[in-house]
Each structure stands twice: as structure tokens, then as C-alpha cells.
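Structure file structure-v6.cif (mmCIF, C-alpha atoms) is printed below.
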data_run
#
loop_
_atom_site.label_atom_id
_atom_site.label_comp_id
_atom_site.auth_asym_id
_atom_site.auth_seq_id
_atom_site.Cartn_x
_atom_site.Cartn_y
_atom_site.Cartn_z
CA MET A 1 131.30 197.35 103.45
CA THR A 2 131.34 196.10 99.92
CA PRO A 3 127.94 195.29 98.47
CA VAL A 4 127.74 191.71 97.34
CA LEU A 5 126.35 191.16 93.89
CA PRO A 6 123.67 188.53 93.80
CA ASP A 7 124.40 185.42 91.80
CA GLY A 8 121.01 184.79 90.40
CA PRO A 9 119.10 187.50 88.58
CA GLN A 10 119.99 188.16 85.00
CA LEU A 11 117.35 190.78 84.55
CA ASP A 12 116.94 193.97 86.45
CA GLU A 13 113.83 196.06 86.09
CA ALA A 14 115.70 199.32 85.95
CA ALA A 15 118.85 198.25 84.16
CA GLY A 16 117.28 195.71 81.85
CA ARG A 17 119.24 192.75 80.64
CA LEU A 18 122.42 192.13 82.57
CA VAL A 19 123.88 189.55 80.25
CA ARG A 20 124.83 189.95 76.64
CA PRO A 21 122.20 188.50 74.30
CA TYR A 22 124.44 185.82 72.86
CA THR A 23 125.34 184.50 76.29
CA VAL A 24 121.74 183.35 76.35
CA SER A 25 122.27 181.11 73.36
CA ASP A 26 125.77 180.04 74.42
CA GLY A 27 127.23 182.11 71.63
CA ARG A 28 125.33 180.21 68.98
CA THR A 29 123.94 182.27 66.20
CA ARG A 30 122.92 179.55 63.76
CA ALA A 31 119.52 178.09 64.41
CA THR A 32 119.44 174.37 63.83
CA SER A 33 115.94 174.47 62.36
CA HIS A 34 114.83 176.93 59.81
CA PHE A 35 112.85 179.72 61.41
CA THR A 36 112.04 182.96 59.66
CA LEU A 37 110.71 186.14 61.24
CA VAL A 38 107.19 185.22 60.20
CA THR A 39 107.22 181.54 61.14
CA THR A 40 104.38 180.80 63.54
CA VAL A 41 105.34 178.90 66.67
CA ARG A 42 103.34 177.48 69.53
CA ALA A 43 104.15 175.69 72.76
CA THR A 44 102.91 172.11 72.69
CA GLY A 45 102.47 171.75 76.43
CA ALA A 46 104.39 168.51 76.12
CA GLN A 47 106.95 167.55 78.71
CA THR A 48 110.25 168.86 77.48
CA GLN A 49 113.39 166.87 77.02
CA GLY A 50 116.70 168.56 77.49
CA VAL A 51 118.06 171.19 79.78
CA PHE A 52 116.49 174.58 79.37
CA GLY A 53 117.24 177.86 81.03
CA LEU A 54 115.30 180.92 82.05
CA GLU A 55 115.26 182.30 78.51
CA HIS A 56 113.77 179.10 77.14
CA ALA A 57 111.03 179.37 79.75
CA GLN A 58 110.37 182.95 78.66
CA VAL A 59 110.03 181.87 75.05
CA LEU A 60 107.65 179.09 76.05
CA ALA A 61 105.53 181.47 78.08
CA LEU A 62 105.28 183.83 75.10
CA CYS A 63 104.14 181.17 72.69
CA GLU A 64 101.30 179.58 74.58
CA GLN A 65 99.17 180.90 71.76
CA PRO A 66 100.37 180.80 68.14
CA VAL A 67 102.75 183.71 67.62
CA SER A 68 105.42 184.73 65.13
CA VAL A 69 109.14 184.50 65.76
CA ALA A 70 109.36 188.28 65.27
CA GLU A 71 106.79 188.91 68.01
CA VAL A 72 108.54 186.61 70.48
CA ALA A 73 111.81 188.42 69.79
CA ALA A 74 110.21 191.84 70.11
CA ARG A 75 108.54 191.00 73.41
CA MET A 76 111.69 189.46 74.85
CA GLN A 77 113.75 192.37 73.56
CA VAL A 78 116.47 190.13 72.23
CA PRO A 79 117.64 189.83 68.62
CA ALA A 80 115.55 187.50 66.47
CA ALA A 81 118.65 185.38 65.82
CA VAL A 82 118.83 184.53 69.52
CA VAL A 83 115.16 183.63 69.68
CA LYS A 84 115.59 181.34 66.68
CA VAL A 85 118.29 179.40 68.53
CA LEU A 86 116.14 179.12 71.65
CA LEU A 87 113.19 177.99 69.56
CA SER A 88 115.31 175.39 67.81
CA ASP A 89 116.27 173.92 71.17
CA LEU A 90 112.65 173.86 72.24
CA ALA A 91 111.47 172.38 68.95
CA GLU A 92 114.06 169.64 69.19
CA GLY A 93 112.88 168.88 72.69
CA GLY A 94 109.30 168.70 71.48
CA ALA A 95 108.17 171.69 73.53
CA VAL A 96 107.38 173.87 70.53
CA VAL A 97 105.92 173.27 67.10
CA ALA A 98 106.51 175.52 64.14
CA GLY A 99 104.11 176.26 61.33
CA ASP A 100 104.79 175.93 57.67
CA THR A 101 108.23 177.30 56.94
CA ARG A 102 108.18 176.85 53.21
CA PRO A 103 109.03 180.20 51.77
CA ALA A 104 105.98 182.09 50.61
CA SER A 105 108.37 184.10 48.60
CA THR A 106 108.39 185.67 45.30
CA GLY A 107 111.49 187.31 46.62
CA HIS A 108 114.42 185.68 44.86
CA SER A 109 113.05 182.35 43.72
CA ALA A 110 109.83 180.42 43.68
CA GLN A 111 106.54 182.21 43.24
CA PRO A 112 103.91 181.81 45.92
CA ASP A 113 101.12 179.51 44.99
CA ARG A 114 97.93 180.94 43.70
CA ASP A 115 95.83 179.53 46.52
CA LEU A 116 97.94 181.42 49.02
CA LEU A 117 97.61 184.68 47.08
CA GLU A 118 93.87 184.26 46.72
CA ALA A 119 93.47 183.52 50.42
CA ILE A 120 95.36 186.70 51.23
CA ARG A 121 93.29 188.70 48.78
CA ASP A 122 90.04 187.38 50.24
CA GLY A 123 91.25 188.15 53.75
CA LEU A 124 92.08 191.71 52.78
CA LEU A 125 88.77 192.20 50.98
CA LYS A 126 86.92 191.39 54.20
CA ARG A 127 88.67 194.28 55.89
CA LEU A 128 87.37 196.91 53.50
CA MET B 1 102.38 167.58 87.45
CA ALA B 2 100.21 165.32 85.42
CA SER B 3 100.78 164.71 81.79
CA SER B 4 98.08 162.84 80.02
CA ASN B 5 98.33 160.97 76.79
CA ASP B 6 95.34 162.68 75.28
CA CYS B 7 97.04 166.05 75.12
CA ASP B 8 99.43 165.17 72.33
CA PRO B 9 100.85 168.15 70.52
CA LEU B 10 98.52 169.41 67.83
CA PRO B 11 99.88 168.95 64.33
CA ALA B 12 101.91 171.86 63.05
CA ASP B 13 99.70 172.29 60.03
CA VAL B 14 96.99 173.98 62.10
CA LEU B 15 99.33 176.90 62.71
CA PRO B 16 98.74 179.92 60.51
CA VAL B 17 101.07 180.65 57.63
CA GLY B 18 102.86 183.97 58.05
CA VAL B 19 103.55 186.07 54.99
CA LYS B 20 105.82 189.08 54.81
CA VAL B 21 105.29 192.29 52.92
CA LEU B 22 107.93 195.00 52.94
CA VAL B 23 107.08 198.66 53.25
CA ALA B 24 109.81 200.73 51.67
CA GLY B 25 110.44 204.28 50.56
CA GLY B 26 112.61 207.14 51.63
CA PHE B 27 113.02 208.54 55.09
CA GLY B 28 109.93 210.40 56.31
CA VAL B 29 107.66 209.14 53.55
CA GLY B 30 105.11 207.63 55.91
CA LYS B 31 106.25 204.01 56.34
CA THR B 32 105.67 203.98 60.08
CA THR B 33 102.30 205.69 59.68
CA PHE B 34 101.29 203.15 57.05
CA VAL B 35 102.25 200.18 59.25
CA ASN B 36 100.62 201.72 62.33
CA ALA B 37 97.34 202.33 60.54
CA LEU B 38 97.12 198.75 59.33
CA SER B 39 98.48 196.78 62.26
CA GLU B 40 96.09 195.13 64.70
CA ILE B 41 98.77 195.21 67.37
CA GLU B 42 100.77 198.15 68.54
CA PRO B 43 103.67 198.00 66.10
CA LEU B 44 106.65 196.19 67.53
CA SER B 45 110.30 196.36 66.85
CA THR B 46 112.67 193.44 66.64
CA GLU B 47 116.37 193.33 66.10
CA GLU B 48 117.59 191.18 63.29
CA MET B 49 121.15 190.33 62.46
CA LEU B 50 121.87 191.00 58.85
CA THR B 51 124.93 190.61 56.76
CA ALA B 52 126.76 193.78 55.98
CA VAL B 53 129.20 193.76 53.13
CA SER B 54 131.50 196.60 53.90
CA ALA B 55 132.87 198.78 51.17
CA ALA B 56 136.44 198.11 50.16
CA THR B 57 137.57 201.35 51.71
CA ASP B 58 136.30 200.20 55.09
CA ARG B 59 138.23 197.01 55.00
CA LEU B 60 141.40 196.45 56.93
CA ASP B 61 143.91 194.04 55.47
CA GLY B 62 143.20 190.46 56.36
CA VAL B 63 139.86 191.26 57.85
CA GLU B 64 136.78 189.51 56.56
CA ASN B 65 134.80 191.97 54.51
CA LYS B 66 131.49 190.47 55.49
CA ALA B 67 130.18 191.22 58.94
CA THR B 68 126.87 191.00 60.62
CA THR B 69 125.13 194.00 61.97
CA THR B 70 122.00 194.39 63.99
CA VAL B 71 119.19 196.54 62.75
CA ALA B 72 115.87 197.36 64.37
CA LEU B 73 112.87 196.44 62.25
CA ASP B 74 109.43 197.82 62.91
CA PHE B 75 106.61 195.52 62.05
CA GLY B 76 102.87 195.16 62.32
CA ARG B 77 100.45 192.27 62.08
CA ILE B 78 97.21 191.70 60.19
CA THR B 79 95.36 188.46 60.89
CA LEU B 80 93.52 187.68 57.66
CA SER B 81 92.03 184.33 58.62
CA PRO B 82 92.70 181.55 61.10
CA SER B 83 95.26 180.23 58.64
CA HIS B 84 96.88 183.37 57.24
CA VAL B 85 98.67 186.21 58.98
CA LEU B 86 100.28 189.06 57.10
CA TYR B 87 103.24 190.91 58.58
CA LEU B 88 104.31 194.33 57.40
CA PHE B 89 107.97 195.11 57.82
CA GLY B 90 109.22 198.63 57.43
CA THR B 91 112.58 198.73 55.69
CA PRO B 92 115.22 200.94 57.24
CA GLY B 93 114.98 204.24 55.41
CA GLN B 94 118.50 205.54 55.65
CA GLU B 95 120.83 204.99 52.76
CA ARG B 96 123.41 203.25 54.87
CA PHE B 97 120.96 200.40 55.46
CA TRP B 98 120.19 199.59 51.83
CA PHE B 99 122.73 196.83 51.72
CA MET B 100 120.59 194.74 54.06
CA TRP B 101 117.43 194.83 51.99
CA ASP B 102 118.55 191.63 50.30
CA GLU B 103 118.11 189.64 53.45
CA LEU B 104 114.97 191.49 54.41
CA SER B 105 113.37 190.71 51.09
CA GLU B 106 114.11 187.02 51.30
CA GLY B 107 110.81 185.21 51.59
CA ALA B 108 108.80 188.38 51.12
CA LEU B 109 105.64 188.22 49.06
CA GLY B 110 106.31 191.65 47.63
CA ALA B 111 106.71 195.28 48.58
CA VAL B 112 104.89 198.56 48.88
CA VAL B 113 107.06 201.51 47.91
CA LEU B 114 105.63 204.64 49.47
CA ALA B 115 106.30 207.86 47.63
CA ASP B 116 105.90 211.49 48.57
CA THR B 117 105.36 213.65 45.50
CA ARG B 118 107.27 216.50 47.13
CA ARG B 119 110.32 214.26 47.38
CA LEU B 120 109.94 211.56 44.77
CA GLU B 121 113.70 211.13 44.55
CA HIS B 122 113.63 209.65 48.07
CA SER B 123 111.88 206.59 46.66
CA PHE B 124 114.23 206.03 43.71
CA ALA B 125 116.48 203.69 45.68
CA ALA B 126 113.63 201.42 46.74
CA VAL B 127 112.18 201.26 43.22
CA ASP B 128 115.59 200.49 41.81
CA PHE B 129 116.25 197.79 44.38
CA PHE B 130 113.02 195.88 43.85
CA GLU B 131 113.24 196.19 40.06
CA ARG B 132 116.75 194.80 39.96
CA ARG B 133 115.90 191.90 42.24
CA GLY B 134 112.68 191.09 40.39
CA ILE B 135 110.62 191.52 43.54
CA PRO B 136 107.06 192.57 42.72
CA PHE B 137 106.00 195.91 44.15
CA VAL B 138 103.41 198.63 43.91
CA VAL B 139 104.10 202.33 44.28
CA ALA B 140 101.72 203.99 46.70
CA VAL B 141 101.69 207.76 46.54
CA ASN B 142 101.05 209.02 50.04
CA GLU B 143 98.89 212.08 49.60
CA PHE B 144 100.29 214.44 52.17
CA ASP B 145 98.17 217.42 53.10
CA GLY B 146 99.26 220.43 51.14
CA ALA B 147 101.15 218.45 48.53
CA HIS B 148 100.28 218.98 44.93
CA ARG B 149 98.06 216.16 43.68
CA TYR B 150 99.68 214.35 40.81
CA ARG B 151 98.11 211.75 38.65
CA GLY B 152 99.42 208.23 38.86
CA GLU B 153 100.76 208.47 35.33
CA GLU B 154 102.82 211.52 36.15
CA VAL B 155 104.39 209.66 39.06
CA ARG B 156 105.00 206.65 36.84
CA THR B 157 106.86 208.81 34.35
CA ALA B 158 108.83 210.61 37.03
CA LEU B 159 109.91 207.33 38.62
CA ASP B 160 110.47 205.74 35.22
CA LEU B 161 108.34 202.73 36.17
CA ARG B 162 107.55 199.89 33.87
CA GLN B 163 103.97 199.86 32.65
CA GLU B 164 102.96 196.80 34.67
CA VAL B 165 103.95 198.31 38.02
CA PRO B 166 100.76 199.59 39.66
CA VAL B 167 100.78 203.17 40.91
CA VAL B 168 98.08 203.92 43.44
CA LEU B 169 97.18 206.89 45.57
CA CYS B 170 96.74 206.42 49.30
CA ASP B 171 96.46 208.10 52.64
CA ALA B 172 98.93 206.26 54.87
CA ARG B 173 96.98 207.31 57.96
CA VAL B 174 93.80 205.52 56.91
CA GLN B 175 93.42 201.78 57.44
CA LYS B 176 91.08 201.14 54.52
CA SER B 177 93.33 203.10 52.22
CA GLY B 178 96.32 201.00 53.26
CA THR B 179 94.29 197.82 52.88
CA ARG B 180 93.50 198.82 49.28
CA VAL B 181 97.21 199.26 48.61
CA LEU B 182 97.87 195.74 49.89
CA LEU B 183 95.02 194.44 47.74
CA ASP B 184 96.56 196.12 44.71
CA LEU B 185 99.85 194.42 45.51
CA VAL B 186 98.25 190.98 45.87
CA GLN B 187 96.23 191.46 42.69
CA HIS B 188 99.43 192.48 40.93
CA LEU B 189 101.08 189.28 42.17
CA ILE B 190 98.20 187.18 40.91
CA THR B 191 98.24 188.91 37.53
CA THR B 192 102.02 188.69 37.17
CA ARG B 193 101.90 185.04 38.10
CA SER B 194 99.28 184.26 35.49
CA SER B 195 100.96 186.21 32.74
CA HIS B 196 104.31 184.60 33.43
CA GLY B 197 102.74 181.17 33.22
CA SER B 198 104.72 179.93 36.18
CA ASP B 199 102.28 177.14 36.94
CA THR B 200 103.66 173.84 35.82
CA ASP B 201 100.32 172.90 34.36
CA GLN B 202 100.19 176.11 32.42
CA PRO B 203 103.09 176.17 29.99
CA THR B 204 104.16 179.46 28.58
CA VAL B 205 102.94 179.87 25.05
CA ARG B 206 105.48 181.90 23.25
CA ALA B 207 106.72 181.66 19.73
#

So, in terms of C-alpha cells, how does the structure I just supplied come out?
Amino acid sequence: MTPVLPDGPQLDEAAGRLVRPYTVSDGRTRATSHFTLVTTVRATGAQTQGVFGLEHAQVLALCEQPVSVAEVAARMQVPAAVVKVLLSDLAEGGAVVAGDTRPASTGHSAQPDRDLLEAIRDGLLKRL
Amino acid sequence: MASSNDCDPLPADVLPVGVKVLVAGGFGVGKTTFVNALSEIEPLSTEEMLTAVSAATDRLDGVENKATTTVALDFGRITLSPSHVLYLFGTPGQERFWFMWDELSEGALGAVVLADTRRLEHSFAAVDFFERRGIPFVVAVNEFDGAHRYRGEEVRTALDLRQEVPVVLCDARVQKSGTRVLLDLVQHLITTRSSHGSDTDQPTVRA
């Protein structure tokens, strides 16, 4: 008797993920929208357009409340690059909105605006 | 399933802005402790694909010398207000991961370089990296139990830091201490910004 492998499940509680991460995103590694690790995303609750799979549903479930891309990736245990692709699909379909993605950076180019820095300073001061 | 017209998606601008601060320093200098003490969530780890430029000696003929590699990043979260969330990302400490700091630092507000006075040389690489890239940073001396207490100025000299780089003492295990380090970094950013006259309405006055 040869055991028959089930068609369906892609996740196994003991073994973990049974498909390679990039199978999830059809081998795509470039996100079509610009998401960074610290971009905040949230499910809109809107009816989605487009065909989404199990992994898209997992992303949606994780961003019912505003959450960062990094946190979604960490909780799904897939690389952030994969989550960015899934989020791009969802954003295009109107199922997810993303927060401000303008770089807050001093790293490399533009300096962050003073209002942002002061807001961060005030937030930190409250924690002392 | 009912969908009503009055539950239109909220505008994206109500979502908080996430800012990134890097926590760097040598292996075993207290980066994880620092992030753990400050984070409001149990620190998480995510895998990010980063570009690795392999050394010429690693390269086979005809093979692209740029490749992507996956690295685990530990991070923590501090919600500062309904509109601002700060994320602390620990940089990989091992030398072989330095090449990927470029991508990690993209979009970062600045960095905290942790230093252990017993092994200051472990923080040289981080200091060097941020200096070369012009990324603002503070050096936070993690005061390990049993380590000789040095003054900030001694550490500045030993690390050959420019005068404007703040050197602060901290205890990486203590939340308030870590918060003060972040405050020093943000204050440094504000000061640097003002002195560089980067505001368009504030032209640099220089002869």
C-alpha cells in the first residue's frame, strides 16, 4: 500500500511550509508597488478584484489592523520580498492600503523633514 | 456577504508612518539586548533578500557577480504616537554580512552603534561604514558589568570619531536608557539638519 499524498495542504504543522517561498509569488521577486520593511499596511475590507490564493488570504488576515510589512513577513515566516509581491497584488486589487512610503531617510539622500524628527523626539520623551 | 457603500476604504494617510533605525556594532555587543529592552512586541525576525556582491575570487567566469542572498533581520517596534512607529533593526554582526548594510541603511533615519569598551575594535567596522556613507549615528557605550568605565571622550578618541558624533553611555538592558540613546540620535539629527541648512527656506550662509 502506497500512501497517497494529499493534493491540497501546502502547510504542515510539523514540517512547516511544503512549498518553496517563491512558488507563492509565482517566482516574482519584484514588487510592483514600492513597499519597504517599515511601510504600514492595512486591509480595507473592500471586495477584492483579482484571483488570490491562500497566501494572499493569510496576508489579509494579518493586516486587519495597521501593521508593518516586516511584521507580516515575520508572522508568515516568508521572506519580506515575497510579502511585498503579495501586498502589491492586494493593493492593486484594492484590498489593502499602504501608508506613506516616502523615504524618511537620511540614509543616502534626502534628509527627513523637521516635523517628522520632532514628532519622533516628542514620542520618545513621553516614554522616559 | 453584504458590502455596503458606507464602508469605503479609509484614506491611506491615516496609517502611521514607519521609521527605521539601525542598531549596529560588533558581535556580542548587546544589539539584541538593546532591541529587546526597547521593543513593545517580542522581537521578531524577518528574512530579507539583499544584494551580495561577491568578491572577485568567488566569481566563476561568465557568472554574474551580483547575487541575492537572504539574511535574517531581528527587529522591534516602538509605537510613538498614532501616526509614528519606530522600528529598530539589528544589523547582522558578522563580518561576512557587512556588504549588505547598504541596502539595510536605505531609508533609515540613522543608526545606533553599540560599543563594548572591552572590545572597542568590534565596533570599528560599523563606525567606518556609517561615516563613509554619511549616515548619522550615535555611539552608545554599553556599560557591561565588570568592564572598566571609560569616559565618553576616551571612547571618542579610541574610535577616532568626529567631534559632532555623540558618544553616550547606556545600559542596553534598561528601556529608559535605550530610549535616551534614541533621543540623543534624534536630537543629533535635528542639530545636524539645522547646521547643514538643508531647508530650502534656510539657505546656507557661508563665505

What residues in chain A have any atom no more than 8 Å from chain B when counting all atoms listed in the file, and can you write them as a PDB file with C-alpha atoms, keeping the file's coordinate frame?
ATOM      1  CA  VAL A  38     107.190 185.220  60.200  1.00  0.00           C
ATOM      2  CA  THR A  39     107.220 181.540  61.140  1.00  0.00           C
ATOM      3  CA  THR A  40     104.380 180.800  63.540  1.00  0.00           C
ATOM      4  CA  VAL A  41     105.340 178.900  66.670  1.00  0.00           C
ATOM      5  CA  ARG A  42     103.340 177.480  69.530  1.00  0.00           C
ATOM      6  CA  THR A  44     102.910 172.110  72.690  1.00  0.00           C
ATOM      7  CA  GLY A  45     102.470 171.750  76.430  1.00  0.00           C
ATOM      8  CA  ALA A  46     104.390 168.510  76.120  1.00  0.00           C
ATOM      9  CA  GLN A  47     106.950 167.550  78.710  1.00  0.00           C
ATOM     10  CA  PRO A  66     100.370 180.800  68.140  1.00  0.00           C
ATOM     11  CA  SER A  68     105.420 184.730  65.130  1.00  0.00           C
ATOM     12  CA  ALA A  70     109.360 188.280  65.270  1.00  0.00           C
ATOM     13  CA  GLU A  71     106.790 188.910  68.010  1.00  0.00           C
ATOM     14  CA  ALA A  73     111.810 188.420  69.790  1.00  0.00           C
ATOM     15  CA  ALA A  74     110.210 191.840  70.110  1.00  0.00           C
ATOM     16  CA  GLN A  77     113.750 192.370  73.560  1.00  0.00           C
ATOM     17  CA  VAL A  78     116.470 190.130  72.230  1.00  0.00           C
ATOM     18  CA  PRO A  79     117.640 189.830  68.620  1.00  0.00           C
ATOM     19  CA  ALA A  80     115.550 187.500  66.470  1.00  0.00           C
ATOM     20  CA  ALA A  81     118.650 185.380  65.820  1.00  0.00           C
ATOM     21  CA  VAL A  97     105.920 173.270  67.100  1.00  0.00           C
ATOM     22  CA  ALA A  98     106.510 175.520  64.140  1.00  0.00           C
ATOM     23  CA  GLY A  99     104.110 176.260  61.330  1.00  0.00           C
ATOM     24  CA  ASP A 100     104.790 175.930  57.670  1.00  0.00           C
ATOM     25  CA  THR A 101     108.230 177.300  56.940  1.00  0.00           C
ATOM     26  CA  PRO A 103     109.030 180.200  51.770  1.00  0.00           C
ATOM     27  CA  ALA A 104     105.980 182.090  50.610  1.00  0.00           C
ATOM     28  CA  SER A 105     108.370 184.100  48.600  1.00  0.00           C
ATOM     29  CA  THR A 106     108.390 185.670  45.300  1.00  0.00           C
ATOM     30  CA  GLY A 107     111.490 187.310  46.620  1.00  0.00           C
ATOM     31  CA  HIS A 108     114.420 185.680  44.860  1.00  0.00           C
ATOM     32  CA  GLN A 111     106.540 182.210  43.240  1.00  0.00           C
ATOM     33  CA  PRO A 112     103.910 181.810  45.920  1.00  0.00           C
ATOM     34  CA  ARG A 114      97.930 180.940  43.700  1.00  0.00           C
ATOM     35  CA  LEU A 117      97.610 184.680  47.080  1.00  0.00           C
ATOM     36  CA  GLU A 118      93.870 184.260  46.720  1.00  0.00           C
ATOM     37  CA  ALA A 119      93.470 183.520  50.420  1.00  0.00           C
ATOM     38  CA  ILE A 120      95.360 186.700  51.230  1.00  0.00           C
ATOM     39  CA  ARG A 121      93.290 188.700  48.780  1.00  0.00           C
ATOM     40  CA  GLY A 123      91.250 188.150  53.750  1.00  0.00           C
ATOM     41  CA  LEU A 124      92.080 191.710  52.780  1.00  0.00           C
ATOM     42  CA  LEU A 125      88.770 192.200  50.980  1.00  0.00           C
ATOM     43  CA  ARG A 127      88.670 194.280  55.890  1.00  0.00           C
ATOM     44  CA  LEU A 128      87.370 196.910  53.500  1.00  0.00           C
TER      45      LEU A 128
END

Task: Shell around Gln65 of chain A at 8 Å using only C-alpha atoms, local window under 2 positions removed, as number ranges by chain - done: A: 42-43, 62-63, 67

Task: Residues returned when the PyMOL selection byres ((chain B and resi 125) around 10) runs on this file, as a list of chain:residue names - done: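 Here the PyMOL selection byres ((chain B and resi 125) around 10) matches B:Ala24, B:Gly25, B:Gly26, B:Gly93, B:Glu95, B:Trp98, B:Val113, B:Glu121, B:His122, B:Ser123, B:Phe124, B:Ala126, B:Val127, B:Asp128, B:Phe129, B:Phe130, B:Glu131.
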
TODO: Find the distance between atom CA of Leu120 of chain B and atom CA of Val141 of chain B and write it in Å to one decimal.
DONE: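 Taking atom CA of Leu120 of chain B and atom CA of Val141 of chain B, their separation equals 9.3 Å.
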
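Here atom CA of Leu54 of chain A is placed at a distance of 29.5 Å from atom CA of Glu40 of chain B.
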
Task: Close residues, Val29 of chain B itself excluded, 8 Å, all atoms listed in the file, min 5 positions apart in chain, as an MDAnalysis selection string - done: chainID B and resid 114:116 142

Six-sided padding of 8 Å per side, axis-aligned box over segment 121-136 of chain B, centre and edges in Å, one decimal, as lines of an AutoDock Vina configuration file:
center_x = 111.9
center_y = 201.1
center_z = 44.0
size_x = 25.7
size_y = 36.0
size_z = 24.1
